[in-house]
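To keep things clear, I will list the structure first and then write my remarks on it.
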Amino acid sequence: ALVATKIWTPSAEEGRRQAARALAFYGGFIDLYQVHNLVNWRAHLATLEALKDAGKIAAIGATHYQASAFDELETVMKTGRITAIQIPYNPRQREVEARILPLAADLGLGVILMRPFGEGGLLRTIPSPADVKPFEPFGVHTWPQVLLKWGLSEPRCHVAIPATFKTAHMRDNAAAGNPPWYGPEERQRVLRLAGAA
């Protein structure tokens with residue numbers, strides 16, 4: 001398992017306290033520490049860089065969930081101070097395809113997909129078993145798996161974080177994280193089933 005967490009506060013001092021608490025909670029080391037929603041990112045990046053230099057974190061990232069903040073996210077990405085971003089991406093939320101994903105690929109940044117189910121909106125209407133069946137050769141058998149594989153089949157994306165509290169859902173979700181990946185035809189079929197094409 002990799003541990004990822006976030007600083008999320010306007011206060012630089014509180015950000016340092018959050019980091020200290022998280023490090024204590026996770027045994028003194030965090031794989032990925034992110035500035036959440038770009039809140040006070042300049043101060044927090046300095047805190048995280050010091051922790052990275054001290055060997056307490058492995059990588060630094062930044063997150064945002066609103067397309068209106070993507071200009072600022074691009075600015076942070078171009079600083080060279082982060083190695084990962086966390087952004088929303090699903091069949092109905094594809095704004096990142098225009099600029100964020102190409103820039104992340106150009107800069108060699110890791111990409112974490114949040115909201116792969118559209119905060120549950122994509123799970124309110126489940127396609128029929130017959131509609132899901134063509135995806136079985138890709139190792140997926142449920143609509144949530146189909147959706148996760150859609151995002152992970154975008155080569156500029158590396159990991160998805162579907163929220164769940166249920167162990168069975170976690171296992172089901174994990175099954176979507178293995179190849180083979182969808183091609184353009186399968187990805188387009190998912191868009192149609194999701195009402196996004």
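Residue numbers start at 1 in each chain; chains themselves are named A, B, ... in the order of the structure tokens; ligands are numbered from 1 in the order shown.
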Where does stretch 104-155 of chain A meet stretch 27-34 of chain A within 12 Å, residue by residue, with the nearest atom pair and distance in Å to one decimal for each, counting only C-alpha atoms, listed by chain and rising number, as JSON lines?
```
{"residue": "A:Gly110", "atom": "CA", "partner": "A:Leu32", "partner_atom": "CA", "distance": 10.6}
{"residue": "A:Val111", "atom": "CA", "partner": "A:Leu32", "partner_atom": "CA", "distance": 11.9}
{"residue": "A:Ile112", "atom": "CA", "partner": "A:Leu32", "partner_atom": "CA", "distance": 11.0}
```
Exercise for the section: Using only C-alpha atoms, determine which residues lie at most 6 Å from A:Thr63, disregarding the query and same-chain residues fewer than 4 positions distant; provide the list as a PyMOL selection string. Expected result: chain A and resi 36-37+85-86
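Considering only C-alpha atoms, the residue among A:Gly108, A:Pro155, A:Pro179, A:Pro127 positioned nearest to A:Arg192 is A:Pro127.
Proximity to A:Thr9 was assessed for A:Tyr26, A:Tyr182, A:Tyr89, A:Trp41 counting only C-alpha atoms; the smallest distance is recorded for A:Trp41.
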Practice task
Write out as a PyMOL selection string each polymer residue whose atoms come within 9 Å of A:Val140, counting only C-alpha atoms; drop sequence neighbours fewer than 5 positions from it.
Solution key: chain A and resi 132-133+135+145-146+149+172+175-176
Exercise for the section: Can you pull out every residue within 9 Å of A:Val39, counting only C-alpha atoms, but drop anything in the same chain fewer than 5 positions away, and send it as a ChimeraX atom specification? Expected result: /A:7-11,44
Practice task
Looking only at strand (DSSP E or B) from DSSP on the backbone, list the matching residues of stretch 3-60 of chain A as JSON, numbers by chain.
Solution key: {"A": [4, 5, 6, 7, 30, 31, 32, 33, 34, 35, 57, 58, 59, 60]}
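With only C-alpha atoms as the basis for measurement, A:Leu103 is the residue among A:Leu147, A:Met114, A:Ala196, A:Leu103 that approaches A:Phe70 most closely.
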Exercise for the section: Would you kindly return, as a PyMOL selection string, each protein, DNA or RNA residue with an atom no farther than 12 Å from any atom of A:Ala197, considering only C-alpha atoms and excluding same-chain residues fewer than 6 positions away? Expected result: chain A and resi 91-94+187-191
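Here the residues within stretch 55-104 of chain A that DSSP labels helix (DSSP H, G or I) on the basis of the backbone are Ala67, Ser68, Ala69, Phe70, Asp71, Glu72, Leu73, Glu74, Thr75, Val76, Met77, Lys78, Glu95, Val96, Glu97, Ile100, Leu101, Pro102, Leu103 and Ala104 of chain A.
Rounded to one decimal, atom CA of A:Glu13 and atom CA of A:Ala67 lie 28.3 Å from each other.
Considering only C-alpha atoms, the residue among A:Gly177, A:Gly120, A:Gly151, A:Glu74 positioned nearest to A:Arg99 is A:Glu74.
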